Structures are given as C-alpha cells and as structure tokens.
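Some notes on the structure that comes next.
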Amino acid sequence: YEMQRSLVGSEMCIRDRVTIPTHPKRVVLLNASHLDLYYYAGGKETNTIVGKPTSEALSDEVKEGTKNIEQIGVIHNPSVETILKLQPDLVIGVNVPFHQQLIPTLEKANIPVLIKSLDTYEDVISTLGFYGELTGEEEIAQAKIKEIEVDYEKAIARAENKTAPRSLIIWGTTDSFSMATSKSFTGDLLKRLGGNNIADNVDSVAKDSGYIPLGMEYIATQDPEAIFVVTHGDVDAVKNSIDENLGKNPLWQDISAAVSYTHLRAHETTLHL
C-alpha cells in the first residue's frame, strides 16, 4: 500500500483499529447505500469500484454506471469467494452480523474491512467527504455534499408551519416487517422534517434500536394518515408480501392512509420523505 491511514474510535463501529490504503484501487462495497455514496464521491471518475451488492435499491444512474461491475451477492449473504476472487484492497460494509462475519476470512487474506454505519444525516455527509478523500476526488465529493445540503434545506423549509400527519414507517422485507422509530435513519429524517411518527409513542424495550415489532392493533388505534414502506429488496415482492400478510387483516383494511413504497438510498431519502 501507499501511505496508509489507521482509523480508530468513531470511524469504526465494532473494532478498535483498521489500516486501509490512503487511496484504494480496488474497492468492494457490500451494500447499496455505501455504493451510491462511494460512486458519487469519485468512485465513478476513478474506476476503483470492482465489486457491488446485488440490489434493486440503486439509483438509475448508479445502476447504469456500475452495470459491468461484478456482483458479490445480496446484503445479507455476500459471497466471500467472489470477494476474494476480486482481490480488493478495501471492502466496505455496515454494522450487521453478515458483514462482520466476513472480517476474519478477509483479514487472513490481508484485505482490510471497513465497517461504517449510516445512522443519521450527518453520517451521510461525513461519509461522502471521507470517500472523497479515499478516491482523491475531494472536489467532486464536496459538490455532491453541497447539492444534498441544498435539497435538505429546501425540504426543511417546505415542512415549516405545516401540520404533520400521523405517520408510520414500515421497514419491510419479504420475510418481516418492523416499525421504524426516530432512532432509525429514516425516522430521524422524518423527525427533522417535523413529522409525527406513531412508532415513537410505543413503550417497547426495543425502542432504542430504531426498529420495533409491528403491532396491527396499535396501528389501528393510532390510525396513521401516511404510511411509508422502506424496502431493502424487490419493491414488488415486498408489496405482494404486505398484501398477503397485512392486507387481509381487517384492522389493516380499516386504515385509510395511502401507502408509499420507496427504496432506502442514504443520500436520497430526504427527498423521498
């Protein structure tokens, strides 16, 4: 490696120290949000992305720009064999078990793994700046940061002096559904926009985690006026799952709120909400 940097403390979620190249040449991204951010922070211009997640949650531009890049598997089941074959000098993931589990095998192959969470709006901004340093394209990253900040301020301004509808955010996969509180990334953005999130009123031991079990009786009593479904996979498959698992429940049928489906992309979520 050329001059390397050691990251400690807040840069790492689960480990004390990791040494990575100052300007990595072969980067594998394990989830869609990090891929989007790295791409827009100079990954596109430097052609340093060699591996990407299998995901439907990519923006059209990123999907087109990375169409020839090798897929390493879905976020919850990345292929360590494919990653090793790509010979990356940096792998970036999030603080989830299926990414943490890759660390011992990859480190034996001298491949550093950077685990970075994107829990808040500030995390997105700081991560974009950091990725600009890694790609050596700080100006490109700063331009994207400015663009996001302008859109963020516009969204805040639009929400001022408005009465927020009772809202529910469902974190949905084809297998399970949870309610997102203000401790989650999307819930935090809704709160910043003055939103009224019914999940914040639930007395649950899981509340601090950002996601709590979905309770139909509670939802029915709160009667949300707006429902956002944040998907981490095939939107149509999640819609079908909701129709099958929730839609047939009489309590769900009594809720009059319109349901809005959206992929969660870290730098675009403000605009969705």
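Every chain in the structure tokens takes a letter, A first, then B, and so on in the order presented; its residues are numbered from 1, and the ligands are numbered from 1 following the presented order.
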
Please provide the set of residues having any atom within 9 Å of Leu106 in chain A, restricted to only C-alpha atoms, with same-chain residues fewer than 6 positions apart removed, written as a short mmCIF file (atom, residue, chain, number, x, y, z; two decimals) with N, CA, C and O atoms, in the first residue's frame.
data_model
loop_
_atom_site.label_atom_id
_atom_site.label_comp_id
_atom_site.auth_asym_id
_atom_site.auth_seq_id
_atom_site.Cartn_x
_atom_site.Cartn_y
_atom_site.Cartn_z
N VAL A 80 -18.11 -14.61 0.00
CA VAL A 80 -16.71 -14.37 0.34
C VAL A 80 -15.80 -14.89 -0.77
O VAL A 80 -14.73 -14.32 -1.03
N ILE A 83 -15.67 -12.20 -3.43
CA ILE A 83 -14.87 -11.07 -2.94
C ILE A 83 -13.38 -11.39 -3.03
O ILE A 83 -12.58 -10.58 -3.51
N LEU A 84 -12.99 -12.57 -2.59
CA LEU A 84 -11.58 -12.97 -2.64
C LEU A 84 -11.07 -13.00 -4.07
O LEU A 84 -9.95 -12.60 -4.36
N VAL A 91 -12.63 -3.44 1.51
CA VAL A 91 -14.03 -3.86 1.50
C VAL A 91 -14.78 -2.98 2.50
O VAL A 91 -14.32 -2.80 3.63
N PRO A 112 -8.35 -5.44 4.14
CA PRO A 112 -8.97 -4.69 5.24
C PRO A 112 -10.48 -4.51 5.01
O PRO A 112 -10.93 -4.34 3.87
N VAL A 113 -11.22 -4.58 6.10
CA VAL A 113 -12.68 -4.41 6.04
C VAL A 113 -13.05 -3.20 6.89
O VAL A 113 -12.76 -3.15 8.08
#

All alpha helix (DSSP H) positions in range 88-232 of chain A, as a count of residues only: 62

Spatial neighbours of Ile72 in chain A, 8 Å, only C-alpha atoms, chain gap at least 2 places, as a list in words: Leu30, Gly51, Lys52, Pro53, Thr54, Glu70, Val74, Pro78, Ser79, Val80, Thr82 and Ile83 of chain A

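Using only C-alpha atoms, the nearest neighbour of Ser184 in chain A within the list A:Thr127, A:Ser117, A:Gln222, A:Thr135 is A:Ser117.
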
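Take CA of Leu102 in chain A and CA of Asn77 in chain A: the distance between them is 10.2 Å.
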
Interatomic distance, CA of Lys44 in chain A to CA of Asp89 in chain A (Å, one decimal): 17.2 Å

Near-Ile145 in chain A list (8 Å; only C-alpha atoms; drop same-chain fewer than 3 positions) as a PyMOL selection string: chain A and resi 125+128-129+141-142+148-149

Pull N, CA, C and O atoms from the residues just selected and write them as a compact mmCIF listing (two decimals), in the first residue's frame.
# COMPACT_ATOMS: atom_id res chain seq x y z
N ILE A 125 -23.26 12.84 5.28
CA ILE A 125 -22.43 13.95 4.86
C ILE A 125 -20.95 13.66 5.14
O ILE A 125 -20.08 13.86 4.28
N LEU A 128 -19.55 10.89 2.81
CA LEU A 128 -19.27 11.39 1.47
C LEU A 128 -17.93 12.11 1.44
O LEU A 128 -17.11 11.90 0.52
N GLY A 129 -17.68 12.96 2.44
CA GLY A 129 -16.41 13.67 2.50
C GLY A 129 -15.23 12.72 2.65
O GLY A 129 -14.19 12.89 2.00
N ALA A 141 -16.71 15.20 -4.30
CA ALA A 141 -17.46 14.84 -3.10
C ALA A 141 -18.09 16.08 -2.45
O ALA A 141 -19.25 16.06 -2.04
N GLN A 142 -17.33 17.16 -2.39
CA GLN A 142 -17.85 18.38 -1.77
C GLN A 142 -19.00 18.97 -2.59
O GLN A 142 -19.95 19.54 -2.03
N ILE A 148 -26.69 17.97 -1.72
CA ILE A 148 -27.56 17.34 -0.72
C ILE A 148 -27.99 18.35 0.33
O ILE A 148 -29.16 18.39 0.74
N GLU A 149 -27.06 19.19 0.77
CA GLU A 149 -27.39 20.19 1.79
C GLU A 149 -28.44 21.18 1.29
O GLU A 149 -29.33 21.58 2.05

Residue contacts of Ile219 in chain A (9 Å, only C-alpha atoms) excluding same-chain residues fewer than 6 positions away, as a ChimeraX atom specification: /A:168,198-199,251-252,255

Separation of CA of Lys239 in chain A from CA of Pro224 in chain A, in Å and rounded to one decimal: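 Between these atoms lies a distance of 18.3 Å.
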
Could you tell me, as a compact mmCIF listing (two decimals) with C-alpha atoms, in the first residue's frame, which residues of range 66-252 of chain A DSSP assigns to strand (DSSP E) when given the backbone?
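Full text of out_36.txt as output:
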# COMPACT_ATOMS: atom_id res chain seq x y z
CA GLU A 70 -19.14 -7.82 -10.56
CA GLN A 71 -21.96 -8.53 -8.12
CA LEU A 90 -10.60 -2.44 0.65
CA VAL A 91 -14.03 -3.86 1.50
CA ILE A 92 -16.69 -1.54 2.95
CA GLY A 93 -19.81 -2.70 4.77
CA VAL A 113 -12.68 -4.41 6.04
CA LEU A 114 -14.12 -1.01 6.95
CA ILE A 115 -17.41 -1.14 8.83
CA ARG A 166 -49.79 10.87 11.83
CA SER A 167 -47.19 8.75 10.08
CA LEU A 168 -45.99 5.17 10.15
CA ILE A 169 -42.70 3.96 8.67
CA ILE A 170 -42.58 0.23 7.96
CA TRP A 171 -39.17 -1.32 7.40
CA GLY A 172 -40.08 -4.14 5.05
CA PHE A 177 -41.94 -6.03 8.94
CA SER A 178 -40.96 -3.61 11.68
CA MET A 179 -41.94 -0.07 12.64
CA ALA A 180 -39.13 2.49 12.43
CA ASN A 196 -45.40 12.82 13.67
CA ASN A 197 -44.19 9.23 13.88
CA TYR A 211 -36.98 -0.63 14.99
CA ILE A 212 -39.79 -2.23 16.96
CA PRO A 213 -42.19 -5.09 16.19
CA ALA A 226 -49.48 8.43 5.94
CA ILE A 227 -47.59 5.14 5.67
CA PHE A 228 -44.09 4.82 4.23
CA VAL A 229 -42.72 1.37 3.43
CA VAL A 230 -38.93 1.36 3.21
CA THR A 231 -37.84 -1.65 1.21

Proximity to Gly42 in chain A - best of A:Asn245, A:Lys191, A:Gly136, A:Ile75, only C-alpha atoms: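 Counting only C-alpha atoms, the residue closest to Gly42 in chain A is A:Gly136.
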
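Of the listed residues (A:Asn201, A:Gln101, A:Ser209, A:Ser33), A:Ser33 comes nearest to Val124 in chain A; the distances count only C-alpha atoms.
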
Surrounding residues of Ile49 in chain A excluding itself and chain neighbours under 6 positions, 9 Å, only C-alpha atoms, as an MDAnalysis selection string: chainID A and resid 25:29 35 38:39 43 66 69

Those residues you just picked out, can you put them in a file as a PDB file, in the first residue's frame with N, CA and C atoms?
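In the end it all went to out-v5.pdb:
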ATOM      1  N   LYS A  25      -7.364   1.153  -4.650  1.00  0.00           N
ATOM      2  CA  LYS A  25      -7.509   0.999  -6.096  1.00  0.00           C
ATOM      3  C   LYS A  25      -8.578  -0.019  -6.486  1.00  0.00           C
ATOM      4  N   ARG A  26      -8.911  -0.924  -5.561  1.00  0.00           N
ATOM      5  CA  ARG A  26      -9.881  -1.971  -5.852  1.00  0.00           C
ATOM      6  C   ARG A  26     -10.822  -2.095  -4.651  1.00  0.00           C
ATOM      7  N   VAL A  27     -11.995  -1.488  -4.762  1.00  0.00           N
ATOM      8  CA  VAL A  27     -12.920  -1.394  -3.634  1.00  0.00           C
ATOM      9  C   VAL A  27     -14.167  -2.241  -3.885  1.00  0.00           C
ATOM     10  N   VAL A  28     -14.554  -2.994  -2.865  1.00  0.00           N
ATOM     11  CA  VAL A  28     -15.805  -3.750  -2.891  1.00  0.00           C
ATOM     12  C   VAL A  28     -16.757  -3.133  -1.874  1.00  0.00           C
ATOM     13  N   LEU A  29     -17.963  -2.794  -2.328  1.00  0.00           N
ATOM     14  CA  LEU A  29     -18.996  -2.241  -1.458  1.00  0.00           C
ATOM     15  C   LEU A  29     -20.050  -3.315  -1.222  1.00  0.00           C
ATOM     16  N   LEU A  35     -22.384   1.978  -1.745  1.00  0.00           N
ATOM     17  CA  LEU A  35     -22.046   2.011  -3.173  1.00  0.00           C
ATOM     18  C   LEU A  35     -22.446   3.350  -3.774  1.00  0.00           C
ATOM     19  N   TYR A  38     -20.015   6.090  -2.440  1.00  0.00           N
ATOM     20  CA  TYR A  38     -18.658   5.966  -2.990  1.00  0.00           C
ATOM     21  C   TYR A  38     -18.643   6.352  -4.473  1.00  0.00           C
ATOM     22  N   TYR A  39     -19.674   5.939  -5.188  1.00  0.00           N
ATOM     23  CA  TYR A  39     -19.783   6.252  -6.615  1.00  0.00           C
ATOM     24  C   TYR A  39     -19.810   7.761  -6.834  1.00  0.00           C
ATOM     25  N   GLY A  43     -15.831   7.589  -7.011  1.00  0.00           N
ATOM     26  CA  GLY A  43     -15.682   6.212  -7.464  1.00  0.00           C
ATOM     27  C   GLY A  43     -15.960   6.064  -8.946  1.00  0.00           C
ATOM     28  N   THR A  66     -22.589   1.240 -13.050  1.00  0.00           N
ATOM     29  CA  THR A  66     -21.888   0.078 -12.487  1.00  0.00           C
ATOM     30  C   THR A  66     -22.363  -1.232 -13.112  1.00  0.00           C
ATOM     31  N   ILE A  69     -19.840  -4.030 -13.371  1.00  0.00           N
ATOM     32  CA  ILE A  69     -19.085  -4.381 -12.169  1.00  0.00           C
ATOM     33  C   ILE A  69     -19.644  -5.667 -11.551  1.00  0.00           C
TER      34      ILE A  69
END

Which residue of A:Asn249, A:Asp208, A:Tyr218, A:Leu37 approaches Ser126 in chain A most closely, using only C-alpha atoms: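 Counting only C-alpha atoms, the residue closest to Ser126 in chain A is A:Leu37.
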